[in-house]
Amino acid sequence: QLRRAKLHVEKAIKEKKIFSVQGPYPVIRHLLRARGWVERKLPRNGKQLKQQAGNQKKRHVEKKASGGGGEPLHHPQPHSKKDKAEEEDEDKKDEKEQCSEDSDDIHDLMSFLVQDQVPNFLWTIRLSTIDQELLQRIEVVNRYPRLHALCTKEGLCQSLQNLSWFEQVDLNTFFPRCYRLGVMEEQEAFIEDFRLTAARNLLKLAVEKVGDRLEGTEQTPKSNNKVPAPKAPLPQGGSVLWPQGWHRSHVSHSMPSTARPGSPLYPNLVEEALEVCEQHLGVLGHQDIDRGTPSPCRTCIAWDRFLQEYYHVAHEGARLVLSKEQREQCLDVLQRLGEQLPQLAIEGNLNVWILKPSAKSRGRGIVCATRLEEVLELSRSCTAPSAQVCEWVVQKYVEQPLTIFDTKFDIRQWFVVTDWKPLTVWFYRDCYLRFCSQPFSLRRLEPARHLCNVSIQKRYKTLQPDPRVPLDKIWSNKQFQAYLARLGRADAWHRVMVPGMKAAILNALRCTQDLVGSRKGSFELFGADFLIGEDCQPWLLEINSCPTMSPSSAVTRRLCANVQRDTLRLVLDRKDNPSCPIGAFELLYKEAAMPTCLHVGLKLMVEGCSLKKP
């Protein structure tokens, strides 16, 4: 066995087939070994190094056998207490999964024999734990450095604001409106957006609210098909989805209304909403281009009072007094707003916004809110953000998503970037859907109804939204396409959803191309999360680096294995054979190579010596 191991190692070294894997990736390890690669195993959480330090005899043998010992792949990194605790939890989980993999004596022996070799291929779950000096010598790495601009919520929000410099595309057609609360200008923009959305929502409620009678008539207004029907009102108290340790008592609501549920409000409320929306239409039509005063949308009405009355109408069932003329005006204004605002169809009536911690994943810390003071109070209660990172972003919640069996879902879509300069992107044709555990309803903003993350929904294993939803709450895209076909919308996947997801991914990458760390020989598999609107239009929520490959269902067990297999085909096999099969990957975009000019820099100094008289 020793002889066989040595021969295998010698061949792997000669063919540059030494690899290292950090994290729970048994599929990657198995596929590389099947290709004749030999693994240089990494220590898990530093425990292996400690054990070696405590065993002097073993350390002496290893040092002698490897000619002085190999170069370390890990080095200590400073962490904040919160990040360190979270990473320790992740490391424990990763270690448990990694230890559960089958151990083969021959592979352990070969790993021992290559401890002094620099890996030719590295697949790691966290780039920061790899020794930076050694990292530069590894030919192929599965991660890019400095992905903050693409893979954090704050970074993506900021990057996409620059989309107009790269593409003639309206950001609001694929990315729900988003603001960084740590930036004062964006916080003010959010406040104005919240107010304008409330005014638009009031007009919708005015023409749609069930049970309201037109003034001077005995007729109940009928619903207009062009305007989305309102959801049922929230119970008093607004949102109920709060971060751990945060309570409703932390929010104070100013100017309580004297109106009771079911009692009519003063008749000027609809007139004020119409005035605000007309002013906004003027701004959208650039009629304010020469105005030097603040936006009239900020000053035309008493907003604190207006919002309190709006809350009573939207959340507590207070009635509105509406004439036929006002109803016609509302319909006309909403129609004109719909022509200008691509997101009017997803706004709903309740003005729900979702707050997200900037750099957390797996749904941690997400909060939903329906009142302006809730959002602002929450942002003030958090620790002050650093100069580089805003602690929270707030994004418009998609109140009218496409649901399956009355249950909310989102889509995890993979893609690979094999080069940033020129930008080269590969789209994976297979993906999967993640369901919530309870029927969708805006009456209660519970995680079980609104956050599709597997790590969130696994807390609700005993809940089942509908017997037709699978127990593991996962569908493949093939199952989704079959469902759409039964609804008579079979072409929606290939004609609307897939092109929309491709365009959104490419737009995000174009905006961040010059901000991420580019490294020749590296690649990265990303996971983009999309929500689908009622019109089948996909909405980009976020982009994740290092998406989980741990199977949570039979569907993800198959698809995650497939995407790992096809990724290796793409980045390894294709180097030697450009025509080799790459599975479900397809080239989404390859930027035309720009001719490179000799870089002269900014140093313009001329060196020489003075001439001397003969």
# chains A, B, ... in the order shown; residues from 1 in each chain; ligands from 1

$ residues_around --residues "A:Tyr397" --least-positions-apart "3" --cutoff "9 Å" --atoms "only C-alpha atoms" --output "list of chain:residue names"
A:Pro176, A:Arg177, A:Ile346, A:Glu347, A:Asn351, A:Val352, A:Trp353, A:Ile354, A:Cys368, A:Gln400

$ write_last_selection --atoms "N, CA and C atoms" --output "short mmCIF file (atom, residue, chain, number, x, y, z; two decimals), in the first residue's frame"
data_model
loop_
_atom_site.label_atom_id
_atom_site.label_comp_id
_atom_site.auth_asym_id
_atom_site.auth_seq_id
_atom_site.Cartn_x
_atom_site.Cartn_y
_atom_site.Cartn_z
N PRO A 176 -35.74 45.64 -6.08
CA PRO A 176 -36.62 46.46 -5.23
C PRO A 176 -35.86 47.61 -4.61
N ARG A 177 -36.50 48.75 -4.51
CA ARG A 177 -35.86 49.97 -4.01
C ARG A 177 -35.16 49.71 -2.68
N ILE A 346 -45.83 45.78 -7.47
CA ILE A 346 -45.39 44.90 -6.37
C ILE A 346 -45.54 45.56 -5.01
N GLU A 347 -45.99 46.83 -4.99
CA GLU A 347 -46.01 47.58 -3.72
C GLU A 347 -47.11 47.14 -2.78
N ASN A 351 -47.46 49.17 2.66
CA ASN A 351 -46.18 49.86 2.84
C ASN A 351 -45.23 49.08 3.75
N VAL A 352 -45.07 47.80 3.45
CA VAL A 352 -44.16 46.94 4.22
C VAL A 352 -42.74 47.10 3.67
N TRP A 353 -41.79 47.30 4.57
CA TRP A 353 -40.38 47.39 4.21
C TRP A 353 -39.61 46.34 5.00
N ILE A 354 -38.50 45.89 4.44
CA ILE A 354 -37.71 44.84 5.08
C ILE A 354 -36.32 45.39 5.37
N CYS A 368 -39.04 42.99 9.48
CA CYS A 368 -40.06 43.65 8.65
C CYS A 368 -40.73 44.74 9.46
N GLN A 400 -46.73 41.70 -3.31
CA GLN A 400 -47.57 40.89 -4.19
C GLN A 400 -46.71 39.92 -5.00
#

$ select_by_dssp --residues "stretch 428-501 of chain A" --states "alpha helix (DSSP H)" --output "number ranges by chain"
A: 447-450, 454-457, 477-486, 492, 498-501

$ select_by_dssp --residues "stretch 276-519 of chain A" --states "strand (DSSP E or B)" --output "CSV table (one decimal) with all heavy atoms, in the first residue's frame"
chain,number,residue,atom,x,y,z
A,319,ARG,N,-62.5,53.7,7.9
A,319,ARG,CA,-63.2,54.0,6.6
A,319,ARG,C,-62.7,55.3,6.0
A,319,ARG,O,-62.3,56.2,6.7
A,319,ARG,CB,-64.7,54.0,6.7
A,319,ARG,CG,-65.2,52.6,7.2
A,319,ARG,CD,-66.7,52.6,6.9
A,319,ARG,NE,-67.4,53.7,7.5
A,319,ARG,CZ,-68.5,54.3,7.0
A,319,ARG,NH1,-69.1,53.8,6.0
A,319,ARG,NH2,-69.1,55.3,7.6
A,322,LEU,N,-65.4,59.0,0.2
A,322,LEU,CA,-64.9,59.2,-1.2
A,322,LEU,C,-66.1,59.5,-2.1
A,322,LEU,O,-67.1,58.8,-2.1
A,322,LEU,CB,-64.2,57.9,-1.6
A,322,LEU,CG,-63.5,57.9,-2.9
A,322,LEU,CD1,-62.2,58.8,-2.8
A,322,LEU,CD2,-63.0,56.5,-3.3
A,353,TRP,N,-41.8,47.3,4.6
A,353,TRP,CA,-40.4,47.4,4.2
A,353,TRP,C,-39.6,46.3,5.0
A,353,TRP,O,-40.0,45.9,6.1
A,353,TRP,CB,-39.8,48.8,4.5
A,353,TRP,CG,-40.4,49.8,3.6
A,353,TRP,CD1,-41.6,50.4,3.7
A,353,TRP,CD2,-39.7,50.4,2.5
A,353,TRP,NE1,-41.8,51.3,2.7
A,353,TRP,CE2,-40.7,51.4,1.9
A,353,TRP,CE3,-38.5,50.3,1.9
A,353,TRP,CZ2,-40.3,52.1,0.8
A,353,TRP,CZ3,-38.2,51.1,0.8
A,353,TRP,CH2,-39.1,52.0,0.3
A,354,ILE,N,-38.5,45.9,4.4
A,354,ILE,CA,-37.7,44.8,5.1
A,354,ILE,C,-36.3,45.4,5.4
A,354,ILE,O,-35.7,46.0,4.5
A,354,ILE,CB,-37.7,43.6,4.2
A,354,ILE,CG1,-36.9,42.4,4.9
A,354,ILE,CG2,-37.1,43.9,2.8
A,354,ILE,CD1,-37.2,41.1,4.3
A,355,LEU,N,-35.9,45.3,6.6
A,355,LEU,CA,-34.6,45.7,7.1
A,355,LEU,C,-33.6,44.5,7.2
A,355,LEU,O,-34.0,43.5,7.7
A,355,LEU,CB,-34.7,46.4,8.4
A,355,LEU,CG,-35.3,47.8,8.4
A,355,LEU,CD1,-36.8,47.7,8.8
A,355,LEU,CD2,-34.6,48.7,9.4
A,356,LYS,N,-32.4,44.7,6.6
A,356,LYS,CA,-31.5,43.6,6.6
A,356,LYS,C,-30.1,44.1,7.1
A,356,LYS,O,-29.6,45.1,6.7
A,356,LYS,CB,-31.3,43.1,5.1
A,356,LYS,CG,-32.6,42.7,4.4
A,356,LYS,CD,-32.3,42.3,3.0
A,356,LYS,CE,-33.6,42.0,2.2
A,356,LYS,NZ,-33.3,41.6,0.8
A,357,PRO,N,-29.5,43.3,8.0
A,357,PRO,CA,-28.1,43.6,8.4
A,357,PRO,C,-27.2,43.5,7.1
A,357,PRO,O,-27.4,42.6,6.3
A,357,PRO,CB,-27.8,42.5,9.4
A,357,PRO,CG,-29.1,42.0,9.9
A,357,PRO,CD,-30.0,42.1,8.7
A,367,VAL,N,-35.6,42.0,9.6
A,367,VAL,CA,-36.8,42.6,10.3
A,367,VAL,C,-37.7,43.2,9.3
A,367,VAL,O,-37.3,43.8,8.3
A,367,VAL,CB,-36.3,43.7,11.2
A,367,VAL,CG1,-37.5,44.4,11.9
A,367,VAL,CG2,-35.3,43.2,12.2
A,368,CYS,N,-39.0,43.0,9.5
A,368,CYS,CA,-40.1,43.6,8.7
A,368,CYS,C,-40.7,44.7,9.5
A,368,CYS,O,-41.0,44.6,10.7
A,368,CYS,CB,-41.1,42.6,8.2
A,368,CYS,SG,-40.5,41.6,6.8
A,369,ALA,N,-41.1,45.8,8.8
A,369,ALA,CA,-41.7,47.0,9.5
A,369,ALA,C,-42.7,47.6,8.6
A,369,ALA,O,-42.5,47.6,7.3
A,369,ALA,CB,-40.7,48.0,9.9
A,392,TRP,N,-27.3,48.7,8.5
A,392,TRP,CA,-28.6,48.2,8.0
A,392,TRP,C,-28.8,48.8,6.6
A,392,TRP,O,-28.5,49.9,6.3
A,392,TRP,CB,-29.7,48.7,8.9
A,392,TRP,CG,-29.7,48.0,10.2
A,392,TRP,CD1,-29.1,48.5,11.4
A,392,TRP,CD2,-30.4,46.8,10.6
A,392,TRP,NE1,-29.3,47.7,12.4
A,392,TRP,CE2,-30.1,46.6,12.0
A,392,TRP,CE3,-31.1,45.9,9.9
A,392,TRP,CZ2,-30.6,45.5,12.7
A,392,TRP,CZ3,-31.6,44.8,10.6
A,392,TRP,CH2,-31.3,44.6,12.0
A,393,VAL,N,-29.5,48.0,5.8
A,393,VAL,CA,-30.2,48.5,4.6
A,393,VAL,C,-31.7,48.2,4.7
A,393,VAL,O,-32.1,47.3,5.4
A,393,VAL,CB,-29.6,47.8,3.3
A,393,VAL,CG1,-28.2,48.1,3.1
A,393,VAL,CG2,-30.0,46.3,3.3
A,394,VAL,N,-32.5,49.1,4.1
A,394,VAL,CA,-33.9,48.9,4.1
A,394,VAL,C,-34.4,48.8,2.7
A,394,VAL,O,-33.9,49.6,1.8
A,394,VAL,CB,-34.6,50.1,4.9
A,394,VAL,CG1,-34.4,51.4,4.2
A,394,VAL,CG2,-36.1,49.8,4.9
A,395,GLN,N,-35.2,47.8,2.4
A,395,GLN,CA,-35.6,47.6,1.0
A,395,GLN,C,-37.1,47.4,1.0
A,395,GLN,O,-37.8,46.9,1.9
A,395,GLN,CB,-34.9,46.3,0.5
A,395,GLN,CG,-35.1,46.0,-1.0
A,395,GLN,CD,-34.2,44.9,-1.4
A,395,GLN,OE1,-33.9,43.9,-0.7
A,395,GLN,NE2,-33.6,45.0,-2.6
A,396,LYS,N,-37.7,47.8,-0.2
A,396,LYS,CA,-39.2,47.7,-0.3
A,396,LYS,C,-39.5,46.2,-0.4
A,396,LYS,O,-39.0,45.5,-1.2
A,396,LYS,CB,-39.7,48.4,-1.6
A,396,LYS,CG,-41.2,48.4,-1.7
A,396,LYS,CD,-41.8,49.2,-0.6
A,396,LYS,CE,-43.4,49.0,-0.6
A,396,LYS,NZ,-43.8,47.7,-0.1
A,401,PRO,N,-46.1,38.9,-4.3
A,401,PRO,CA,-45.3,38.0,-5.0
A,401,PRO,C,-46.2,36.9,-5.6
A,401,PRO,O,-47.3,36.7,-5.3
A,401,PRO,CB,-44.4,37.4,-3.9
A,401,PRO,CG,-45.3,37.4,-2.7
A,401,PRO,CD,-46.2,38.7,-2.9
A,404,ILE,N,-47.2,29.8,-4.6
A,404,ILE,CA,-47.6,28.4,-5.1
A,404,ILE,C,-48.4,27.8,-3.9
A,404,ILE,O,-47.9,27.7,-2.8
A,404,ILE,CB,-46.4,27.6,-5.4
A,404,ILE,CG1,-45.6,28.2,-6.6
A,404,ILE,CG2,-46.7,26.2,-5.7
A,404,ILE,CD1,-44.3,27.5,-6.9
A,407,THR,N,-48.4,29.9,-0.9
A,407,THR,CA,-47.2,29.9,-0.1
A,407,THR,C,-46.1,30.6,-0.8
A,407,THR,O,-45.9,30.4,-2.0
A,407,THR,CB,-46.7,28.4,0.2
A,407,THR,OG1,-47.8,27.7,0.8
A,407,THR,CG2,-45.5,28.4,1.1
A,409,PHE,N,-42.4,31.7,-2.0
A,409,PHE,CA,-41.1,30.9,-2.3
A,409,PHE,C,-40.1,31.9,-3.0
A,409,PHE,O,-40.5,33.0,-3.4
A,409,PHE,CB,-41.4,29.8,-3.3
A,409,PHE,CG,-41.8,30.3,-4.7
A,409,PHE,CD1,-40.9,30.4,-5.7
A,409,PHE,CD2,-43.2,30.6,-5.0
A,409,PHE,CE1,-41.3,30.9,-7.0
A,409,PHE,CE2,-43.5,31.0,-6.2
A,409,PHE,CZ,-42.6,31.2,-7.2
A,410,ASP,N,-38.9,31.5,-3.0
A,410,ASP,CA,-37.9,32.2,-3.8
A,410,ASP,C,-37.0,31.2,-4.5
A,410,ASP,O,-37.2,30.0,-4.4
A,410,ASP,CB,-37.0,33.2,-2.9
A,410,ASP,CG,-36.1,32.4,-2.0
A,410,ASP,OD1,-36.0,31.2,-2.0
A,410,ASP,OD2,-35.4,33.1,-1.2
A,411,ILE,N,-36.1,31.7,-5.4
A,411,ILE,CA,-35.4,30.9,-6.3
A,411,ILE,C,-33.9,31.1,-6.0
A,411,ILE,O,-33.4,32.2,-5.9
A,411,ILE,CB,-35.7,31.2,-7.8
A,411,ILE,CG1,-37.1,30.8,-8.1
A,411,ILE,CG2,-34.7,30.4,-8.7
A,411,ILE,CD1,-37.5,31.2,-9.5
A,412,ARG,N,-33.1,30.0,-5.8
A,412,ARG,CA,-31.7,30.0,-5.7
A,412,ARG,C,-31.1,29.7,-7.1
A,412,ARG,O,-31.3,28.6,-7.5
A,412,ARG,CB,-31.2,29.1,-4.6
A,412,ARG,CG,-29.7,28.8,-4.6
A,412,ARG,CD,-28.9,30.1,-4.4
A,412,ARG,NE,-29.1,30.8,-3.2
A,412,ARG,CZ,-28.5,30.6,-2.1
A,412,ARG,NH1,-27.6,29.6,-2.0
A,412,ARG,NH2,-28.8,31.4,-1.0
A,413,GLN,N,-30.4,30.6,-7.7
A,413,GLN,CA,-29.9,30.5,-9.0
A,413,GLN,C,-28.4,30.6,-9.0
A,413,GLN,O,-27.8,31.6,-8.5
A,413,GLN,CB,-30.5,31.6,-10.0
A,413,GLN,CG,-29.9,31.5,-11.4
A,413,GLN,CD,-30.3,30.3,-12.1
A,413,GLN,OE1,-31.4,29.9,-12.3
A,413,GLN,NE2,-29.2,29.5,-12.5
A,414,TRP,N,-27.7,29.6,-9.5
A,414,TRP,CA,-26.2,29.6,-9.5
A,414,TRP,C,-25.7,30.2,-10.8
A,414,TRP,O,-26.3,30.1,-11.9
A,414,TRP,CB,-25.7,28.1,-9.4
A,414,TRP,CG,-26.0,27.4,-8.1
A,414,TRP,CD1,-25.6,27.9,-6.9
A,414,TRP,CD2,-26.6,26.2,-7.9
A,414,TRP,NE1,-26.0,27.0,-5.9
A,414,TRP,CE2,-26.6,25.9,-6.5
A,414,TRP,CE3,-27.3,25.3,-8.8
A,414,TRP,CZ2,-27.2,24.8,-6.0
A,414,TRP,CZ3,-27.8,24.1,-8.3
A,414,TRP,CH2,-27.8,23.9,-6.9
A,415,PHE,N,-24.5,30.8,-10.7
A,415,PHE,CA,-23.7,31.2,-11.8
A,415,PHE,C,-22.2,31.2,-11.4
A,415,PHE,O,-21.9,31.3,-10.2
A,415,PHE,CB,-24.1,32.6,-12.3
A,415,PHE,CG,-23.9,33.7,-11.4
A,415,PHE,CD1,-22.8,34.5,-11.5
A,415,PHE,CD2,-24.9,34.0,-10.4
A,415,PHE,CE1,-22.6,35.6,-10.6
A,415,PHE,CE2,-24.7,35.1,-9.6
A,415,PHE,CZ,-23.6,35.9,-9.6
A,416,VAL,N,-21.3,31.1,-12.4
A,416,VAL,CA,-19.9,31.1,-12.1
A,416,VAL,C,-19.2,32.2,-12.9
A,416,VAL,O,-19.5,32.5,-14.0
A,416,VAL,CB,-19.3,29.8,-12.5
A,416,VAL,CG1,-17.8,29.8,-12.6
A,416,VAL,CG2,-19.7,28.7,-11.6
A,417,VAL,N,-18.3,32.9,-12.2
A,417,VAL,CA,-17.5,33.9,-12.8
A,417,VAL,C,-16.1,33.3,-12.9
A,417,VAL,O,-15.5,33.0,-11.9
A,417,VAL,CB,-17.4,35.2,-12.1
A,417,VAL,CG1,-16.4,36.2,-12.7
A,417,VAL,CG2,-18.8,35.9,-12.0
A,418,THR,N,-15.6,33.1,-14.2
A,418,THR,CA,-14.2,32.5,-14.3
A,418,THR,C,-13.2,33.6,-14.6
A,418,THR,O,-12.0,33.3,-14.6
A,418,THR,CB,-14.3,31.5,-15.5
A,418,THR,OG1,-14.8,32.1,-16.7
A,418,THR,CG2,-15.1,30.3,-15.1
A,419,ASP,N,-13.6,34.8,-14.9
A,419,ASP,CA,-12.7,35.9,-15.1
A,419,ASP,C,-13.4,37.2,-14.9
A,419,ASP,O,-14.6,37.3,-15.3
A,419,ASP,CB,-12.0,35.8,-16.5
A,419,ASP,CG,-10.7,36.6,-16.5
A,419,ASP,OD1,-10.4,37.4,-15.6
A,419,ASP,OD2,-9.9,36.3,-17.5
A,420,TRP,N,-12.8,38.2,-14.3
A,420,TRP,CA,-13.4,39.6,-14.2
A,420,TRP,C,-12.9,40.5,-15.3
A,420,TRP,O,-13.5,41.5,-15.6
A,420,TRP,CB,-13.0,40.1,-12.8
A,420,TRP,CG,-13.8,39.5,-11.7
A,420,TRP,CD1,-13.4,38.6,-10.8
A,420,TRP,CD2,-15.2,39.8,-11.3
A,420,TRP,NE1,-14.4,38.2,-10.0
A,420,TRP,CE2,-15.5,39.0,-10.2
A,420,TRP,CE3,-16.2,40.6,-11.8
A,420,TRP,CZ2,-16.8,39.0,-9.6
A,420,TRP,CZ3,-17.4,40.6,-11.2
A,420,TRP,CH2,-17.7,39.8,-10.1
A,423,LEU,N,-14.7,40.2,-18.3
A,423,LEU,CA,-15.7,39.6,-17.5
A,423,LEU,C,-16.3,38.4,-18.3
A,423,LEU,O,-16.7,38.5,-19.4
A,423,LEU,CB,-16.9,40.6,-17.3
A,423,LEU,CG,-18.1,40.1,-16.5
A,423,LEU,CD1,-17.6,39.6,-15.1
A,423,LEU,CD2,-19.1,41.1,-16.4
A,424,THR,N,-16.2,37.2,-17.6
A,424,THR,CA,-16.7,36.0,-18.2
A,424,THR,C,-17.6,35.3,-17.2
A,424,THR,O,-17.2,34.9,-16.1
A,424,THR,CB,-15.5,35.0,-18.6
A,424,THR,OG1,-14.6,35.8,-19.4
A,424,THR,CG2,-16.0,33.8,-19.4
A,425,VAL,N,-18.9,35.1,-17.6
A,425,VAL,CA,-19.9,34.6,-16.7
A,425,VAL,C,-20.6,33.4,-17.3
A,425,VAL,O,-21.0,33.4,-18.5
A,425,VAL,CB,-21.0,35.7,-16.4
A,425,VAL,CG1,-21.9,35.2,-15.3
A,425,VAL,CG2,-20.3,37.0,-16.1
A,426,TRP,N,-20.8,32.4,-16.5
A,426,TRP,CA,-21.5,31.1,-16.9
A,426,TRP,C,-22.8,31.0,-16.1
A,426,TRP,O,-22.7,31.0,-14.8
A,426,TRP,CB,-20.6,29.9,-16.7
A,426,TRP,CG,-19.3,30.1,-17.5
A,426,TRP,CD1,-18.2,30.7,-17.1
A,426,TRP,CD2,-19.0,29.5,-18.8
A,426,TRP,NE1,-17.2,30.6,-18.0
A,426,TRP,CE2,-17.7,29.9,-19.1
A,426,TRP,CE3,-19.7,28.7,-19.7
A,426,TRP,CZ2,-17.1,29.5,-20.3
A,426,TRP,CZ3,-19.1,28.3,-20.9
A,426,TRP,CH2,-17.8,28.7,-21.1
A,427,PHE,N,-23.9,30.7,-16.7
A,427,PHE,CA,-25.2,30.6,-16.1
A,427,PHE,C,-25.6,29.1,-16.0
A,427,PHE,O,-25.4,28.4,-17.0
A,427,PHE,CB,-26.3,31.3,-16.9
A,427,PHE,CG,-27.6,31.4,-16.3
A,427,PHE,CD1,-28.0,32.4,-15.4
A,427,PHE,CD2,-28.6,30.5,-16.7
A,427,PHE,CE1,-29.3,32.4,-14.9
A,427,PHE,CE2,-29.9,30.5,-16.2
A,427,PHE,CZ,-30.2,31.5,-15.3
A,428,TYR,N,-26.1,28.7,-14.8
A,428,TYR,CA,-26.4,27.3,-14.6
A,428,TYR,C,-27.9,27.1,-14.9
A,428,TYR,O,-28.8,27.8,-14.3
A,428,TYR,CB,-26.1,26.8,-13.2
A,428,TYR,CG,-25.9,25.3,-13.1
A,428,TYR,CD1,-24.9,24.7,-13.7
A,428,TYR,CD2,-26.8,24.6,-12.4
A,428,TYR,CE1,-24.7,23.3,-13.6
A,428,TYR,CE2,-26.7,23.2,-12.3
A,428,TYR,CZ,-25.6,22.6,-12.9
A,428,TYR,OH,-25.4,21.2,-12.8
A,429,ARG,N,-28.3,26.2,-15.8
A,429,ARG,CA,-29.7,26.1,-16.2
A,429,ARG,C,-30.6,25.5,-15.2
A,429,ARG,O,-31.8,25.6,-15.3
A,429,ARG,CB,-29.7,25.3,-17.5
A,429,ARG,CG,-29.2,26.0,-18.7
A,429,ARG,CD,-29.5,25.3,-20.0
A,429,ARG,NE,-28.7,24.0,-20.1
A,429,ARG,CZ,-27.5,23.9,-20.6
A,429,ARG,NH1,-26.9,25.0,-21.2
A,429,ARG,NH2,-26.9,22.8,-20.7
A,430,ASP,N,-30.0,24.8,-14.2
A,430,ASP,CA,-30.8,24.2,-13.2
A,430,ASP,C,-30.8,25.0,-11.9
A,430,ASP,O,-29.7,25.6,-11.6
A,430,ASP,CB,-30.3,22.8,-12.8
A,430,ASP,CG,-30.6,21.8,-14.0
A,430,ASP,OD1,-31.6,22.0,-14.7
A,430,ASP,OD2,-29.9,20.8,-14.1
A,431,CYS,N,-31.9,25.1,-11.2
A,431,CYS,CA,-31.9,25.8,-9.9
A,431,CYS,C,-33.0,25.2,-9.0
A,431,CYS,O,-33.6,24.2,-9.4
A,431,CYS,CB,-32.2,27.3,-10.2
A,431,CYS,SG,-33.8,27.6,-11.1
A,432,TYR,N,-33.3,25.8,-7.9
A,432,TYR,CA,-34.3,25.2,-7.0
A,432,TYR,C,-35.1,26.3,-6.3
A,432,TYR,O,-34.6,27.4,-6.1
A,432,TYR,CB,-33.7,24.2,-6.0
A,432,TYR,CG,-32.7,24.7,-5.0
A,432,TYR,CD1,-33.1,25.1,-3.8
A,432,TYR,CD2,-31.4,24.7,-5.3
A,432,TYR,CE1,-32.2,25.6,-2.9
A,432,TYR,CE2,-30.4,25.2,-4.4
A,432,TYR,CZ,-30.9,25.6,-3.2
A,432,TYR,OH,-29.9,26.0,-2.3
A,433,LEU,N,-36.3,25.9,-5.9
A,433,LEU,CA,-37.2,26.8,-5.2
A,433,LEU,C,-37.2,26.5,-3.7
A,433,LEU,O,-37.1,25.3,-3.3
A,433,LEU,CB,-38.6,26.7,-5.7
A,433,LEU,CG,-39.0,27.4,-7.0
A,433,LEU,CD1,-38.2,26.9,-8.2
A,433,LEU,CD2,-40.5,27.3,-7.3
A,434,ARG,N,-37.3,27.5,-2.9
A,434,ARG,CA,-37.4,27.3,-1.4
A,434,ARG,C,-38.7,27.9,-0.9
A,434,ARG,O,-39.0,29.1,-1.1
A,434,ARG,CB,-36.2,28.0,-0.7
A,434,ARG,CG,-34.8,27.6,-1.3
A,434,ARG,CD,-33.7,28.3,-0.6
A,434,ARG,NE,-33.7,29.8,-0.8
A,434,ARG,CZ,-32.8,30.6,-0.4
A,434,ARG,NH1,-31.7,30.1,0.2
A,434,ARG,NH2,-32.9,31.9,-0.7
A,435,PHE,N,-39.5,27.0,-0.3
A,435,PHE,CA,-40.8,27.4,0.2
A,435,PHE,C,-40.8,27.9,1.7
A,435,PHE,O,-39.9,27.4,2.5
A,435,PHE,CB,-41.8,26.3,0.1
A,435,PHE,CG,-42.2,25.9,-1.3
A,435,PHE,CD1,-41.5,25.0,-2.0
A,435,PHE,CD2,-43.3,26.5,-1.8
A,435,PHE,CE1,-41.9,24.7,-3.3
A,435,PHE,CE2,-43.7,26.2,-3.1
A,435,PHE,CZ,-43.0,25.3,-3.9
A,474,ILE,N,-38.8,22.1,-0.8
A,474,ILE,CA,-37.9,22.4,-1.9
A,474,ILE,C,-38.5,21.8,-3.2
A,474,ILE,O,-39.0,20.7,-3.2
A,474,ILE,CB,-36.5,21.7,-1.7
A,474,ILE,CG1,-35.8,22.3,-0.4
A,474,ILE,CG2,-35.6,21.9,-2.9
A,474,ILE,CD1,-35.4,23.8,-0.6
A,475,TRP,N,-38.4,22.6,-4.3
A,475,TRP,CA,-38.8,22.2,-5.6
A,475,TRP,C,-37.6,22.4,-6.6
A,475,TRP,O,-36.8,23.4,-6.4
A,475,TRP,CB,-40.0,22.9,-6.1
A,475,TRP,CG,-41.3,22.2,-6.0
A,475,TRP,CD1,-41.6,21.1,-5.4
A,475,TRP,CD2,-42.5,22.7,-6.6
A,475,TRP,NE1,-42.9,20.7,-5.5
A,475,TRP,CE2,-43.5,21.7,-6.3
A,475,TRP,CE3,-42.9,23.8,-7.4
A,475,TRP,CZ2,-44.8,21.8,-6.7
A,475,TRP,CZ3,-44.2,23.9,-7.8
A,475,TRP,CH2,-45.2,23.0,-7.4
A,476,SER,N,-37.5,21.6,-7.6
A,476,SER,CA,-36.5,21.8,-8.6
A,476,SER,C,-37.2,22.8,-9.7
A,476,SER,O,-38.4,22.9,-9.7
A,476,SER,CB,-36.1,20.5,-9.3
A,476,SER,OG,-37.2,20.0,-10.1

$ atom_distance --atom1 "atom CA of A:Thr548" --atom2 "atom CA of A:Arg126"
12.2 Å

$ residues_around --residues "A:Arg146" --least-positions-apart "3" --cutoff "10 Å" --atoms "only C-alpha atoms" --output "NGL selection string"
:A and (143 or 149-151 or 515-518)

$ closest_residue --among "A:Asn162, A:Gln564, A:Thr403, A:Asn453" --to "A:Pro439" --atoms "only C-alpha atoms"
A:Thr403

$ closest_residue --among "A:Leu122, A:Leu376, A:Cys536, A:Leu203" --to "A:Ile191" --atoms "only C-alpha atoms"
A:Leu376

$ closest_residue --among "A:Val321, A:Val21, A:Leu506, A:Met497" --to "A:Lys590" --atoms "only C-alpha atoms"
A:Leu506

$ closest_residue --among "A:Gln329, A:Gln464, A:Ser553, A:Asn172" --to "A:Ala448" --atoms "only C-alpha atoms"
A:Gln464

$ closest_residue --among "A:His30, A:Lys461, A:Val333, A:Pro342" --to "A:Asp104" --atoms "only C-alpha atoms"
A:His30

$ residues_around --residues "A:Lys41" --least-positions-apart "5" --cutoff "8 Å" --atoms "only C-alpha atoms" --output "PyMOL selection string"
chain A and resi 20-21+111+115

$ closest_residue --among "A:His286, A:Arg35, A:Lys16, A:Arg200" --to "A:Phe121" --atoms "only C-alpha atoms"
A:Lys16

$ atom_distance --atom1 "atom CA of A:Gln279" --atom2 "atom CA of A:Glu186"
20.7 Å
